[in-house]
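Visitor: Structure file start_15.cif (mmCIF, C-alpha atoms and all ligand atoms) right here:
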```cif
data_run
#
loop_
_atom_site.label_atom_id
_atom_site.label_comp_id
_atom_site.auth_asym_id
_atom_site.auth_seq_id
_atom_site.Cartn_x
_atom_site.Cartn_y
_atom_site.Cartn_z
CA MET L 5 -22.24 -2.36 9.65
CA ARG L 6 -25.23 -4.58 9.00
CA ILE L 7 -28.15 -4.60 11.40
CA ALA L 8 -30.28 -7.64 12.18
CA HIS L 9 -33.54 -7.43 14.09
CA THR L 10 -34.56 -11.05 13.46
CA LEU L 11 -32.83 -14.43 13.56
CA GLU L 12 -33.24 -14.78 9.80
CA GLU L 13 -31.50 -11.45 9.22
CA LEU L 14 -28.74 -12.38 11.67
CA ARG L 15 -28.09 -15.71 9.92
CA ALA L 16 -28.04 -13.98 6.53
CA HIS L 17 -25.53 -11.38 7.74
CA LEU L 18 -23.33 -14.07 9.31
CA SER L 19 -23.37 -16.48 6.39
CA GLY L 20 -19.92 -17.03 4.97
CA HIS L 21 -18.30 -16.26 8.32
CA GLN L 22 -16.97 -19.09 10.48
CA HIS L 23 -15.48 -17.36 13.51
CA PRO L 24 -17.66 -14.69 15.09
CA ALA L 25 -16.25 -12.59 17.93
CA PHE L 26 -19.27 -11.47 19.91
CA VAL L 27 -19.90 -8.66 22.42
CA PRO L 28 -23.32 -8.78 24.10
CA THR L 29 -24.59 -5.48 25.55
CA MET L 30 -27.73 -3.77 26.78
CA GLY L 31 -26.97 -0.63 24.76
CA ASN L 32 -26.46 2.95 25.97
CA LEU L 33 -22.91 2.33 24.90
CA HIS L 34 -19.81 3.90 26.39
CA ALA L 35 -16.06 3.48 25.95
CA GLY L 36 -16.13 0.24 28.02
CA HIS L 37 -18.39 -1.47 25.49
CA LEU L 38 -16.45 -0.02 22.56
CA ALA L 39 -13.12 -1.24 23.98
CA LEU L 40 -14.60 -4.77 23.97
CA VAL L 41 -15.64 -4.36 20.33
CA ARG L 42 -12.13 -3.20 19.39
CA GLN L 43 -10.62 -6.07 21.36
CA ALA L 44 -12.95 -8.45 19.49
CA LYS L 45 -11.83 -7.29 16.03
CA PRO L 46 -8.70 -9.47 15.66
CA LEU L 47 -10.29 -12.46 17.42
CA GLY L 48 -12.71 -13.48 14.70
CA ASP L 49 -13.62 -13.10 11.04
CA VAL L 50 -16.71 -11.07 11.87
CA THR L 51 -17.29 -8.76 14.83
CA VAL L 52 -20.79 -9.02 16.24
CA ALA L 53 -22.43 -6.93 18.96
CA SER L 54 -25.89 -7.27 20.38
CA ILE L 55 -28.13 -4.70 22.01
CA PHE L 56 -30.91 -6.21 24.09
CA VAL L 57 -32.27 -4.91 27.39
CA ASN L 58 -33.03 -8.22 29.05
CA ARG L 59 -36.15 -8.05 31.18
CA LEU L 60 -35.29 -11.40 32.82
CA GLN L 61 -32.34 -9.93 34.73
CA PHE L 62 -34.22 -7.03 36.30
CA LEU L 63 -36.14 -7.28 39.57
CA PRO L 64 -39.66 -5.81 39.53
CA HIS L 65 -38.56 -2.61 41.34
CA GLU L 66 -35.46 -2.12 39.17
CA ASP L 67 -34.92 0.20 36.20
CA PHE L 68 -36.01 -2.00 33.25
CA ASP L 69 -38.51 0.55 31.90
CA SER L 70 -36.25 3.56 32.44
CA TYR L 71 -33.00 1.84 31.35
CA PRO L 72 -31.52 4.30 28.82
CA ARG L 73 -32.18 3.35 25.20
CA THR L 74 -30.02 5.39 22.80
CA TRP L 75 -30.38 3.52 19.52
CA GLU L 76 -29.12 6.05 16.94
CA ARG L 77 -26.07 7.00 18.97
CA ASP L 78 -25.26 3.34 19.74
CA CYS L 79 -25.36 2.46 16.02
CA THR L 80 -22.94 5.26 15.15
CA LEU L 81 -20.54 4.32 17.95
CA LEU L 82 -20.56 0.62 17.02
CA LYS L 83 -19.99 1.37 13.35
CA ASP L 84 -17.06 3.65 14.20
CA ALA L 85 -15.58 1.01 16.53
CA GLY L 86 -15.51 -1.52 13.69
CA CYS L 87 -18.54 -3.66 14.48
CA ASP L 88 -19.63 -5.64 11.40
CA VAL L 89 -23.00 -6.99 12.51
CA LEU L 90 -25.34 -5.59 15.14
CA PHE L 91 -28.03 -7.95 16.45
CA ALA L 92 -30.83 -5.93 18.04
CA PRO L 93 -33.80 -8.23 18.53
CA LYS L 94 -37.18 -7.02 19.73
CA GLU L 95 -38.33 -8.71 22.91
CA LYS L 96 -40.73 -10.95 20.94
CA VAL L 97 -37.86 -12.24 18.82
CA LEU L 98 -35.80 -13.43 21.78
CA TYR L 99 -38.77 -14.31 23.98
CA PRO L 100 -41.61 -15.27 21.59
CA GLU L 101 -43.24 -17.08 24.50
CA PRO L 102 -42.58 -16.85 28.23
CA GLN L 103 -39.08 -18.23 28.88
CA THR L 104 -39.90 -21.29 30.98
CA PHE L 105 -36.54 -23.05 30.46
CA LYS L 106 -33.88 -21.15 32.37
CA ILE L 107 -30.21 -21.57 33.19
CA GLN L 108 -29.73 -21.94 36.94
CA PRO L 109 -26.12 -21.11 37.82
CA ASN L 110 -24.52 -22.77 40.82
CA PRO L 111 -25.99 -20.99 43.88
CA ALA L 112 -22.61 -21.22 45.63
CA LEU L 113 -21.40 -18.62 43.14
CA ALA L 114 -24.58 -16.94 41.89
CA ASP L 115 -26.29 -16.35 45.22
CA LEU L 116 -23.36 -14.36 46.64
CA LEU L 117 -22.76 -10.61 46.42
CA GLU L 118 -24.74 -9.39 43.38
CA GLY L 119 -26.97 -12.46 43.59
CA GLN L 120 -27.72 -11.76 47.24
CA PHE L 121 -28.83 -8.21 46.54
CA ARG L 122 -30.40 -8.93 43.14
CA PRO L 123 -32.03 -12.37 43.54
CA GLY L 124 -32.50 -14.08 40.19
CA PHE L 125 -30.13 -11.68 38.42
CA PHE L 126 -27.67 -14.35 37.30
CA VAL L 127 -30.46 -16.71 36.20
CA GLY L 128 -31.61 -13.90 33.89
CA VAL L 129 -28.07 -13.16 32.69
CA ALA L 130 -27.10 -16.81 32.12
CA THR L 131 -30.38 -17.53 30.32
CA VAL L 132 -30.10 -14.62 27.89
CA VAL L 133 -26.40 -15.23 27.27
CA MET L 134 -27.09 -18.90 26.47
CA LYS L 135 -29.81 -17.80 24.11
CA LEU L 136 -27.69 -15.11 22.43
CA PHE L 137 -24.88 -17.65 22.00
CA GLY L 138 -27.38 -19.95 20.28
CA CYS L 139 -28.41 -17.15 17.92
CA VAL L 140 -24.94 -15.83 17.08
CA PHE L 141 -22.89 -19.04 16.98
CA SER L 142 -25.36 -21.56 15.53
CA GLU L 143 -23.92 -21.50 12.00
CA SER L 144 -20.24 -21.08 12.89
CA LYS L 145 -17.52 -23.69 12.83
CA GLY L 146 -14.20 -23.69 14.62
CA GLN L 147 -13.27 -20.86 16.89
CA ARG L 148 -16.06 -18.86 18.50
CA THR L 149 -15.26 -16.04 20.91
CA ALA L 150 -17.39 -13.95 23.26
CA LEU L 151 -16.08 -10.97 25.22
CA PHE L 152 -17.21 -9.72 28.62
CA GLY L 153 -15.98 -6.87 30.83
CA GLN L 154 -14.14 -7.39 34.10
CA LYS L 155 -16.21 -4.53 35.46
CA ASP L 156 -18.88 -7.20 36.05
CA TYR L 157 -16.47 -9.58 37.76
CA GLN L 158 -18.95 -12.07 39.16
CA GLN L 159 -20.91 -12.11 35.90
CA LEU L 160 -17.73 -12.99 34.01
CA MET L 161 -17.15 -15.89 36.43
CA VAL L 162 -20.72 -17.13 36.00
CA ILE L 163 -20.36 -17.07 32.19
CA ARG L 164 -17.03 -18.89 32.32
CA ARG L 165 -18.56 -21.66 34.45
CA LEU L 166 -21.63 -21.82 32.20
CA VAL L 167 -19.48 -22.37 29.13
CA GLN L 168 -17.32 -24.90 30.94
CA GLN L 169 -20.17 -26.93 32.45
CA PHE L 170 -22.24 -27.07 29.25
CA ALA L 171 -19.11 -27.77 27.17
CA LEU L 172 -19.96 -24.87 24.86
CA PRO L 173 -17.28 -24.52 22.16
CA ILE L 174 -16.80 -20.82 22.91
CA ASP L 175 -13.72 -18.97 24.16
CA ILE L 176 -14.57 -16.40 26.81
CA VAL L 177 -12.27 -13.38 26.74
CA ALA L 178 -12.22 -10.72 29.47
CA GLY L 179 -11.79 -7.01 28.79
CA PRO L 180 -10.24 -4.71 31.41
CA THR L 181 -12.49 -2.19 33.18
CA GLN L 182 -12.52 1.15 31.38
CA ARG L 183 -12.66 4.19 33.65
CA ASP L 184 -13.22 7.92 33.46
CA ALA L 185 -10.16 10.11 34.09
CA ASP L 186 -10.92 10.31 37.83
CA GLY L 187 -11.17 6.51 38.15
CA LEU L 188 -14.95 6.00 38.09
CA ALA L 189 -15.72 2.77 36.22
CA LEU L 190 -17.75 3.54 33.10
CA SER L 191 -21.34 2.34 33.35
CA SER L 192 -24.59 3.02 31.55
CA ARG L 193 -26.02 3.85 34.96
CA ASN L 194 -23.53 6.72 35.51
CA GLY L 195 -25.91 8.79 33.39
CA TYR L 196 -28.41 8.72 36.25
CA LEU L 197 -26.03 10.66 38.52
CA SER L 198 -26.57 14.37 39.22
CA PRO L 199 -23.45 16.57 38.84
CA SER L 200 -22.79 16.47 42.59
CA GLU L 201 -23.35 12.70 42.71
CA ARG L 202 -21.02 12.30 39.74
CA ALA L 203 -18.29 14.15 41.64
CA GLU L 204 -18.85 11.87 44.65
CA ALA L 205 -19.16 8.63 42.65
CA VAL L 206 -15.39 8.16 42.34
CA GLN L 207 -15.30 7.36 46.07
CA LEU L 208 -16.42 3.80 45.33
CA SER L 209 -13.27 3.05 43.34
CA LYS L 210 -11.17 5.08 45.78
CA THR L 211 -12.47 2.97 48.67
CA LEU L 212 -11.70 -0.25 46.78
CA GLN L 213 -8.23 1.10 46.03
CA SER L 214 -7.52 1.76 49.67
CA MET L 215 -8.81 -1.71 50.62
CA ALA L 216 -6.51 -3.22 47.98
CA ALA L 217 -3.57 -1.13 49.24
CA ALA L 218 -4.14 -2.31 52.83
CA LEU L 219 -4.33 -5.93 51.66
CA ARG L 220 -1.15 -5.57 49.63
CA ALA L 221 0.63 -4.04 52.61
CA GLY L 222 -0.25 -7.08 54.71
CA ALA L 223 0.12 -9.59 51.88
CA GLY L 224 1.43 -13.01 52.79
CA THR L 225 1.58 -12.18 56.50
CA GLY L 226 -2.10 -12.75 57.27
CA ALA L 227 -1.78 -9.51 59.22
CA THR L 228 -4.77 -7.76 57.67
CA ASP L 229 -8.00 -8.06 59.64
CA ILE L 230 -10.27 -8.44 56.61
CA PRO L 231 -13.65 -8.18 58.39
CA ALA L 232 -12.45 -4.98 60.10
CA LEU L 233 -11.19 -3.59 56.78
CA GLU L 234 -14.56 -4.34 55.14
CA ALA L 235 -16.52 -2.77 58.03
CA GLN L 236 -14.34 0.33 57.91
CA ALA L 237 -14.90 0.67 54.16
CA MET L 238 -18.69 0.34 54.60
CA ASP L 239 -18.61 2.97 57.38
CA SER L 240 -16.55 5.42 55.37
CA LEU L 241 -18.95 5.31 52.41
CA ARG L 242 -22.00 5.51 54.71
CA ALA L 243 -20.51 8.59 56.36
CA ARG L 244 -20.39 10.24 52.91
CA GLY L 245 -24.08 9.53 52.29
CA TRP L 246 -23.84 6.26 50.38
CA ALA L 247 -25.91 3.13 51.05
CA PRO L 248 -23.42 0.31 50.46
CA ASP L 249 -24.65 -3.23 49.79
CA TYR L 250 -21.21 -4.81 50.19
CA LEU L 251 -17.51 -3.98 50.17
CA VAL L 252 -15.55 -7.19 50.49
CA ALA L 253 -12.23 -8.89 49.88
CA ARG L 254 -12.74 -12.34 48.34
CA ARG L 255 -10.76 -15.12 46.72
CA ARG L 256 -10.52 -14.69 42.96
CA SER L 257 -11.11 -18.43 42.51
CA ASP L 258 -14.64 -18.64 43.95
CA LEU L 259 -15.50 -15.27 45.54
CA LEU L 260 -15.58 -16.82 49.02
CA PRO L 261 -13.80 -15.24 51.99
CA PRO L 262 -10.09 -16.12 51.98
CA THR L 263 -8.90 -18.84 54.34
CA ALA L 264 -5.15 -18.63 53.72
CA SER L 265 -2.85 -15.63 53.47
CA ASP L 266 -1.45 -16.47 50.01
CA GLU L 267 -4.67 -16.64 47.97
CA PRO L 268 -5.09 -14.21 45.05
CA LEU L 269 -7.79 -11.74 46.06
CA VAL L 270 -10.22 -9.31 44.49
CA VAL L 271 -12.03 -6.51 46.26
CA LEU L 272 -15.60 -5.96 45.13
CA GLY L 273 -18.15 -3.31 46.02
CA ALA L 274 -21.73 -2.30 45.31
CA ALA L 275 -23.33 0.81 46.74
CA ARG L 276 -26.19 3.17 46.08
CA LEU L 277 -25.62 6.89 45.73
CA GLY L 278 -29.04 8.54 45.75
CA SER L 279 -31.12 6.19 43.63
CA THR L 280 -28.22 4.96 41.47
CA ARG L 281 -26.61 1.62 42.27
CA LEU L 282 -22.96 1.36 41.20
CA ILE L 283 -20.61 -1.64 41.26
CA ASP L 284 -16.86 -1.92 40.85
CA ASN L 285 -13.97 -4.26 41.66
CA LEU L 286 -10.20 -4.41 41.69
CA GLU L 287 -7.86 -7.38 41.69
CA VAL L 288 -5.43 -7.08 44.58
P1 LIG L 301 -23.99 -4.03 29.81
O1 LIG L 301 -24.44 -3.29 28.61
O2 LIG L 301 -23.90 -3.19 31.05
O3 LIG L 301 -24.75 -5.32 30.00
O4 LIG L 301 -22.49 -4.47 29.55
C1 LIG L 301 -22.14 -5.18 28.37
C2 LIG L 301 -20.71 -5.64 28.49
O5 LIG L 301 -19.85 -4.52 28.67
C3 LIG L 301 -20.48 -6.55 29.72
O6 LIG L 301 -19.59 -7.59 29.35
C4 LIG L 301 -19.87 -5.61 30.71
O7 LIG L 301 -19.05 -6.26 31.66
C5 LIG L 301 -19.04 -4.72 29.80
N1 LIG L 301 -18.73 -3.45 30.46
C6 LIG L 301 -19.59 -2.61 31.07
N2 LIG L 301 -18.94 -1.56 31.62
C7 LIG L 301 -17.62 -1.76 31.34
C8 LIG L 301 -16.42 -1.03 31.63
N3 LIG L 301 -16.43 0.11 32.33
N4 LIG L 301 -15.25 -1.52 31.19
C9 LIG L 301 -15.20 -2.69 30.48
N5 LIG L 301 -16.30 -3.42 30.18
C10 LIG L 301 -17.49 -2.96 30.59
#
```
If you convert what's in this file into structure tokens, what do you get?
Guide:
Amino acid sequence: MRIAHTLEELRAHLSGHQHPAFVPTMGNLHAGHLALVRQAKPLGDVTVASIFVNRLQFLPHEDFDSYPRTWERDCTLLKDAGCDVLFAPKEKVLYPEPQTFKIQPNPALADLLEGQFRPGFFVGVATVVMKLFGCVFSESKGQRTALFGQKDYQQLMVIRRLVQQFALPIDIVAGPTQRDADGLALSSRNGYLSPSERAEAVQLSKTLQSMAAALRAGAGTGATDIPALEAQAMDSLRARGWAPDYLVARRRSDLLPPTASDEPLVVLGAARLGSTRLIDNLEV
């Protein structure tokens, strides 16, 4: 695996390759990231990953400074997963001057759910992704692929719309959410959990599962009282000591509340356990 810290190094490592398959990450890698890298392998002629903790997508009170940085371990894991080129720019390489041009995703999508609780988050994500695409794909011709996890469901939708609206010649491929044996979605932030919090953390996915089961049971009949189901889910997590931001059933197409009984749905949740904020989702 070749490592690039600068744009010049990245272009040198990519020269001769036409079809990169690219997995952007913020590092502190786990099996979710590595599954995306393995999924990327057959989709291009060079598998590229990036590690960049993007200051733009963190609010001032969030964990930018303490976000886990595990460089040596990440390099070993990526190499073993078959990554060919790792792009790990220093902040000054990606942001040599304050980033005054930004990508503003459609507020109708980006101000909901995660965007409501983390204002500006998707501006930061869309801006860095656009920039990383520029770095990784600038020399390539023909098929370009970038992979994102379904674990970040709304983020994946924002990126798909970004690529569509700017007519970027990039295929966006989704990777299924990878989970621990008990069902907890893998996340770099799981490392913040104490042992007792870790044991409790699975309740987020369990709650989403029971919401999905209730929706499936009433599917097509319109019989499920969705606001009541959401309120009950919030209450049940609160009763266990969580501080939920949202637990909702939304349309897969635009993440708005469903208006008809036959629309494909997804349940999405975000909740804090102690000081750790976890998110998860499940298609119904
Ligand atoms: P992050 O490093 O958290 O920015 O995530 C980098 C990429 O990995 C994003 O596309 C995430 O959606 C994806 N990802 C994170 N956790 C998981 C998971 N448990 N399963 C699958 N993909 C994931």
Visitor: Ligand LIG 301 (chain L): which residues are within 9 Å, counting all atoms listed in the file? Reply as a PDB file with C-alpha atoms, keeping the file's coordinate frame.
Guide:
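Saved the output as selection.pdb:
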```pdb
ATOM      1  CA  VAL L  27     -19.900  -8.660  22.420  1.00  0.00           C
ATOM      2  CA  PRO L  28     -23.320  -8.780  24.100  1.00  0.00           C
ATOM      3  CA  THR L  29     -24.590  -5.480  25.550  1.00  0.00           C
ATOM      4  CA  MET L  30     -27.730  -3.770  26.780  1.00  0.00           C
ATOM      5  CA  GLY L  31     -26.970  -0.630  24.760  1.00  0.00           C
ATOM      6  CA  ASN L  32     -26.460   2.950  25.970  1.00  0.00           C
ATOM      7  CA  LEU L  33     -22.910   2.330  24.900  1.00  0.00           C
ATOM      8  CA  HIS L  34     -19.810   3.900  26.390  1.00  0.00           C
ATOM      9  CA  ALA L  35     -16.060   3.480  25.950  1.00  0.00           C
ATOM     10  CA  GLY L  36     -16.130   0.240  28.020  1.00  0.00           C
ATOM     11  CA  HIS L  37     -18.390  -1.470  25.490  1.00  0.00           C
ATOM     12  CA  LEU L  38     -16.450  -0.020  22.560  1.00  0.00           C
ATOM     13  CA  ALA L  39     -13.120  -1.240  23.980  1.00  0.00           C
ATOM     14  CA  LEU L  40     -14.600  -4.770  23.970  1.00  0.00           C
ATOM     15  CA  ILE L  55     -28.130  -4.700  22.010  1.00  0.00           C
ATOM     16  CA  PHE L  56     -30.910  -6.210  24.090  1.00  0.00           C
ATOM     17  CA  VAL L  57     -32.270  -4.910  27.390  1.00  0.00           C
ATOM     18  CA  ASN L  58     -33.030  -8.220  29.050  1.00  0.00           C
ATOM     19  CA  VAL L 129     -28.070 -13.160  32.690  1.00  0.00           C
ATOM     20  CA  LEU L 151     -16.080 -10.970  25.220  1.00  0.00           C
ATOM     21  CA  PHE L 152     -17.210  -9.720  28.620  1.00  0.00           C
ATOM     22  CA  GLY L 153     -15.980  -6.870  30.830  1.00  0.00           C
ATOM     23  CA  GLN L 154     -14.140  -7.390  34.100  1.00  0.00           C
ATOM     24  CA  LYS L 155     -16.210  -4.530  35.460  1.00  0.00           C
ATOM     25  CA  ASP L 156     -18.880  -7.200  36.050  1.00  0.00           C
ATOM     26  CA  TYR L 157     -16.470  -9.580  37.760  1.00  0.00           C
ATOM     27  CA  GLN L 159     -20.910 -12.110  35.900  1.00  0.00           C
ATOM     28  CA  LEU L 160     -17.730 -12.990  34.010  1.00  0.00           C
ATOM     29  CA  ALA L 178     -12.220 -10.720  29.470  1.00  0.00           C
ATOM     30  CA  GLY L 179     -11.790  -7.010  28.790  1.00  0.00           C
ATOM     31  CA  PRO L 180     -10.240  -4.710  31.410  1.00  0.00           C
ATOM     32  CA  THR L 181     -12.490  -2.190  33.180  1.00  0.00           C
ATOM     33  CA  GLN L 182     -12.520   1.150  31.380  1.00  0.00           C
ATOM     34  CA  ARG L 183     -12.660   4.190  33.650  1.00  0.00           C
ATOM     35  CA  ASP L 184     -13.220   7.920  33.460  1.00  0.00           C
ATOM     36  CA  LEU L 188     -14.950   6.000  38.090  1.00  0.00           C
ATOM     37  CA  ALA L 189     -15.720   2.770  36.220  1.00  0.00           C
ATOM     38  CA  LEU L 190     -17.750   3.540  33.100  1.00  0.00           C
ATOM     39  CA  SER L 191     -21.340   2.340  33.350  1.00  0.00           C
ATOM     40  CA  SER L 192     -24.590   3.020  31.550  1.00  0.00           C
ATOM     41  CA  ARG L 193     -26.020   3.850  34.960  1.00  0.00           C
ATOM     42  CA  ASP L 284     -16.860  -1.920  40.850  1.00  0.00           C
TER      43      ASP L 284
END
```
Visitor: Which residues come within 8 Å of Gly245 of chain L, counting all atoms listed in the file, excluding same-chain residues fewer than 3 positions away, as a PyMOL selection string?
Guide: chain L and resi 241-242+277
Visitor: Create the file for the chosen residues now, containing C-alpha atoms and written as a compact mmCIF listing (two decimals), keeping the file's coordinate frame.
Guide:
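Saved as result10.txt:
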```
# COMPACT_ATOMS: atom_id res chain seq x y z
CA LEU L 241 -18.95 5.31 52.41
CA ARG L 242 -22.00 5.51 54.71
CA LEU L 277 -25.62 6.89 45.73
```
Visitor: Identify the residues around (-1.3, -15.2, 52.1) within a radius of 10 Å, measuring from all atoms listed in the file in the coordinates stated by the file, and give them as a VMD selection string.
Guide: chain L and resid 219 to 220 222 to 228 262 to 269
Visitor: Measuring atom to atom with all atoms listed in the file, identify which of L:Leu166, L:Leu136, L:Leu259, L:Leu117 is nearest to Ala274 of chain L.
Guide: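 That would be L:Leu117, the residue with the smallest distance to Ala274 of chain L.
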Visitor: For atom CA of Leu286 of chain L and atom CA of Leu197 of chain L, determine how far apart the two atoms are, in Å to one decimal place.
Guide: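 According to the coordinates, atom CA of Leu286 of chain L and atom CA of Leu197 of chain L are separated by 22.1 Å.
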Visitor: Which residue, L:Met134, L:Ile107, L:Val140, L:Ala44, has the smallest gap to His17 of chain L when you use all atoms listed in the file?
Guide: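 Closest to His17 of chain L, using all atoms listed in the file: L:Val140.
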Visitor: Which residue, L:Lys94, L:Phe125, L:Tyr99, L:Gln108, has the smallest gap to Phe170 of chain L when you use only C-alpha atoms?
Guide: L:Gln108
Visitor: Find the distance between atom CA of Ala232 of chain L and atom CA of Ser257 of chain L and write it in Å to one decimal.
Guide: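 Atom CA of Ala232 of chain L sits 22.2 Å away from atom CA of Ser257 of chain L.
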Visitor: Identify which of the residues L:Ile163, L:Glu287, L:Trp246, L:Val177 lies closest to Leu212 of chain L, counting all atoms listed in the file when measuring atom-to-atom distances.
Guide: L:Glu287
Visitor: How far is it from atom CA of Glu95 of chain L to atom CA of Arg73 of chain L, in Å with one decimal?
Guide: 13.7 Å
Visitor: Just need the box for segment 217-220 of chain L, edges along x, y and z, holding every atom the file lists for it with 5 Å tacked onto each side, so centre and edge lengths in Å to one decimal, as AutoDock Vina command-line options.
Guide:
```
--center_x -2.7 --center_y -3.5 --center_z 51.0 --size_x 13.2 --size_y 14.8 --size_z 13.6
```
Visitor: Excluding segment 80-89 of chain L and its own-chain neighbours fewer than 5 positions away, which residues fall within 6 Å of it when counting all atoms listed in the file? Please give them as an mmCIF file with C-alpha atoms, in the coordinates of the input.
Guide:
```
data_model
loop_
_atom_site.group_PDB
_atom_site.id
_atom_site.type_symbol
_atom_site.label_atom_id
_atom_site.label_comp_id
_atom_site.auth_asym_id
_atom_site.auth_seq_id
_atom_site.Cartn_x
_atom_site.Cartn_y
_atom_site.Cartn_z
ATOM 1 C CA MET L 5 -22.240 -2.360 9.650
ATOM 2 C CA ARG L 6 -25.230 -4.580 9.000
ATOM 3 C CA ILE L 7 -28.150 -4.600 11.400
ATOM 4 C CA THR L 51 -17.290 -8.760 14.830
ATOM 5 C CA VAL L 52 -20.790 -9.020 16.240
#
```
Visitor: If we count all atoms listed in the file, what is near Leu251 of chain L at a cut-off of 6 Å, once residues fewer than 5 positions away on the same chain are taken out, given as number ranges by chain?
Guide: L: 234, 272-273
Visitor: Quick one: residues within 10 Å of Asp186 of chain L, all atoms listed in the file, excluding same-chain residues fewer than 3 positions away - as JSON, numbers by chain?
Guide: {"L": [183, 189, 203, 205, 206, 207, 209, 210]}
Visitor: Contacts of Asp175 of chain L at 8 Å or less, counting all atoms listed in the file, minus same-chain residues fewer than 5 places along, as a PyMOL selection string?
Guide: chain L and resi 147-150
Visitor: When you count all atoms listed in the file, which of these residues is closest to Asn194 of chain L: L:Gly278, L:Gly48, L:Pro24, L:Pro93?
Guide: L:Gly278
Visitor: Looking at all atoms listed in the file, which of L:Lys106, L:Glu101, L:Cys139, L:Leu208 is the one that sits closest to Ala247 of chain L?
Guide: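 Under the stated criterion, the closest residue is L:Leu208.
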Visitor: Please rebuild segment 100-112 of chain L with N, CA, C and O atoms and return the result as a short mmCIF file (atom, residue, chain, number, x, y, z; two decimals), in the frame of the given file.
Guide:
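File written: part-v3.cif
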```
data_model
loop_
_atom_site.label_atom_id
_atom_site.label_comp_id
_atom_site.auth_asym_id
_atom_site.auth_seq_id
_atom_site.Cartn_x
_atom_site.Cartn_y
_atom_site.Cartn_z
N PRO L 100 -40.31 -15.21 22.27
CA PRO L 100 -41.61 -15.27 21.59
C PRO L 100 -42.70 -15.83 22.49
O PRO L 100 -43.88 -15.59 22.26
N GLU L 101 -42.29 -16.57 23.49
CA GLU L 101 -43.24 -17.08 24.50
C GLU L 101 -42.53 -16.94 25.83
O GLU L 101 -41.30 -16.76 25.87
N PRO L 102 -43.27 -16.99 26.94
CA PRO L 102 -42.58 -16.85 28.23
C PRO L 102 -41.44 -17.87 28.34
O PRO L 102 -41.58 -19.03 27.93
N GLN L 103 -40.29 -17.39 28.82
CA GLN L 103 -39.08 -18.23 28.88
C GLN L 103 -39.20 -19.15 30.09
O GLN L 103 -38.89 -18.77 31.21
N THR L 104 -39.68 -20.37 29.86
CA THR L 104 -39.90 -21.29 30.98
C THR L 104 -38.67 -22.17 31.24
O THR L 104 -38.51 -22.68 32.34
N PHE L 105 -37.82 -22.36 30.24
CA PHE L 105 -36.54 -23.05 30.46
C PHE L 105 -35.52 -21.98 30.82
O PHE L 105 -35.33 -21.02 30.07
N LYS L 106 -34.87 -22.15 31.95
CA LYS L 106 -33.88 -21.15 32.37
C LYS L 106 -32.59 -21.82 32.80
O LYS L 106 -32.59 -22.97 33.22
N ILE L 107 -31.50 -21.08 32.71
CA ILE L 107 -30.21 -21.57 33.19
C ILE L 107 -30.07 -21.17 34.66
O ILE L 107 -30.16 -20.00 35.01
N GLN L 108 -29.86 -22.17 35.49
CA GLN L 108 -29.73 -21.94 36.94
C GLN L 108 -28.26 -22.09 37.32
O GLN L 108 -27.76 -23.20 37.44
N PRO L 109 -27.53 -20.97 37.47
CA PRO L 109 -26.12 -21.11 37.82
C PRO L 109 -25.97 -21.65 39.24
O PRO L 109 -26.89 -21.52 40.06
N ASN L 110 -24.82 -22.22 39.49
CA ASN L 110 -24.52 -22.77 40.82
C ASN L 110 -24.77 -21.71 41.90
O ASN L 110 -24.11 -20.67 41.93
N PRO L 111 -25.69 -21.99 42.84
CA PRO L 111 -25.99 -20.99 43.88
C PRO L 111 -24.77 -20.61 44.71
O PRO L 111 -24.70 -19.49 45.22
N ALA L 112 -23.80 -21.53 44.82
CA ALA L 112 -22.61 -21.22 45.63
C ALA L 112 -21.86 -20.02 45.05
O ALA L 112 -21.18 -19.29 45.77
#
```
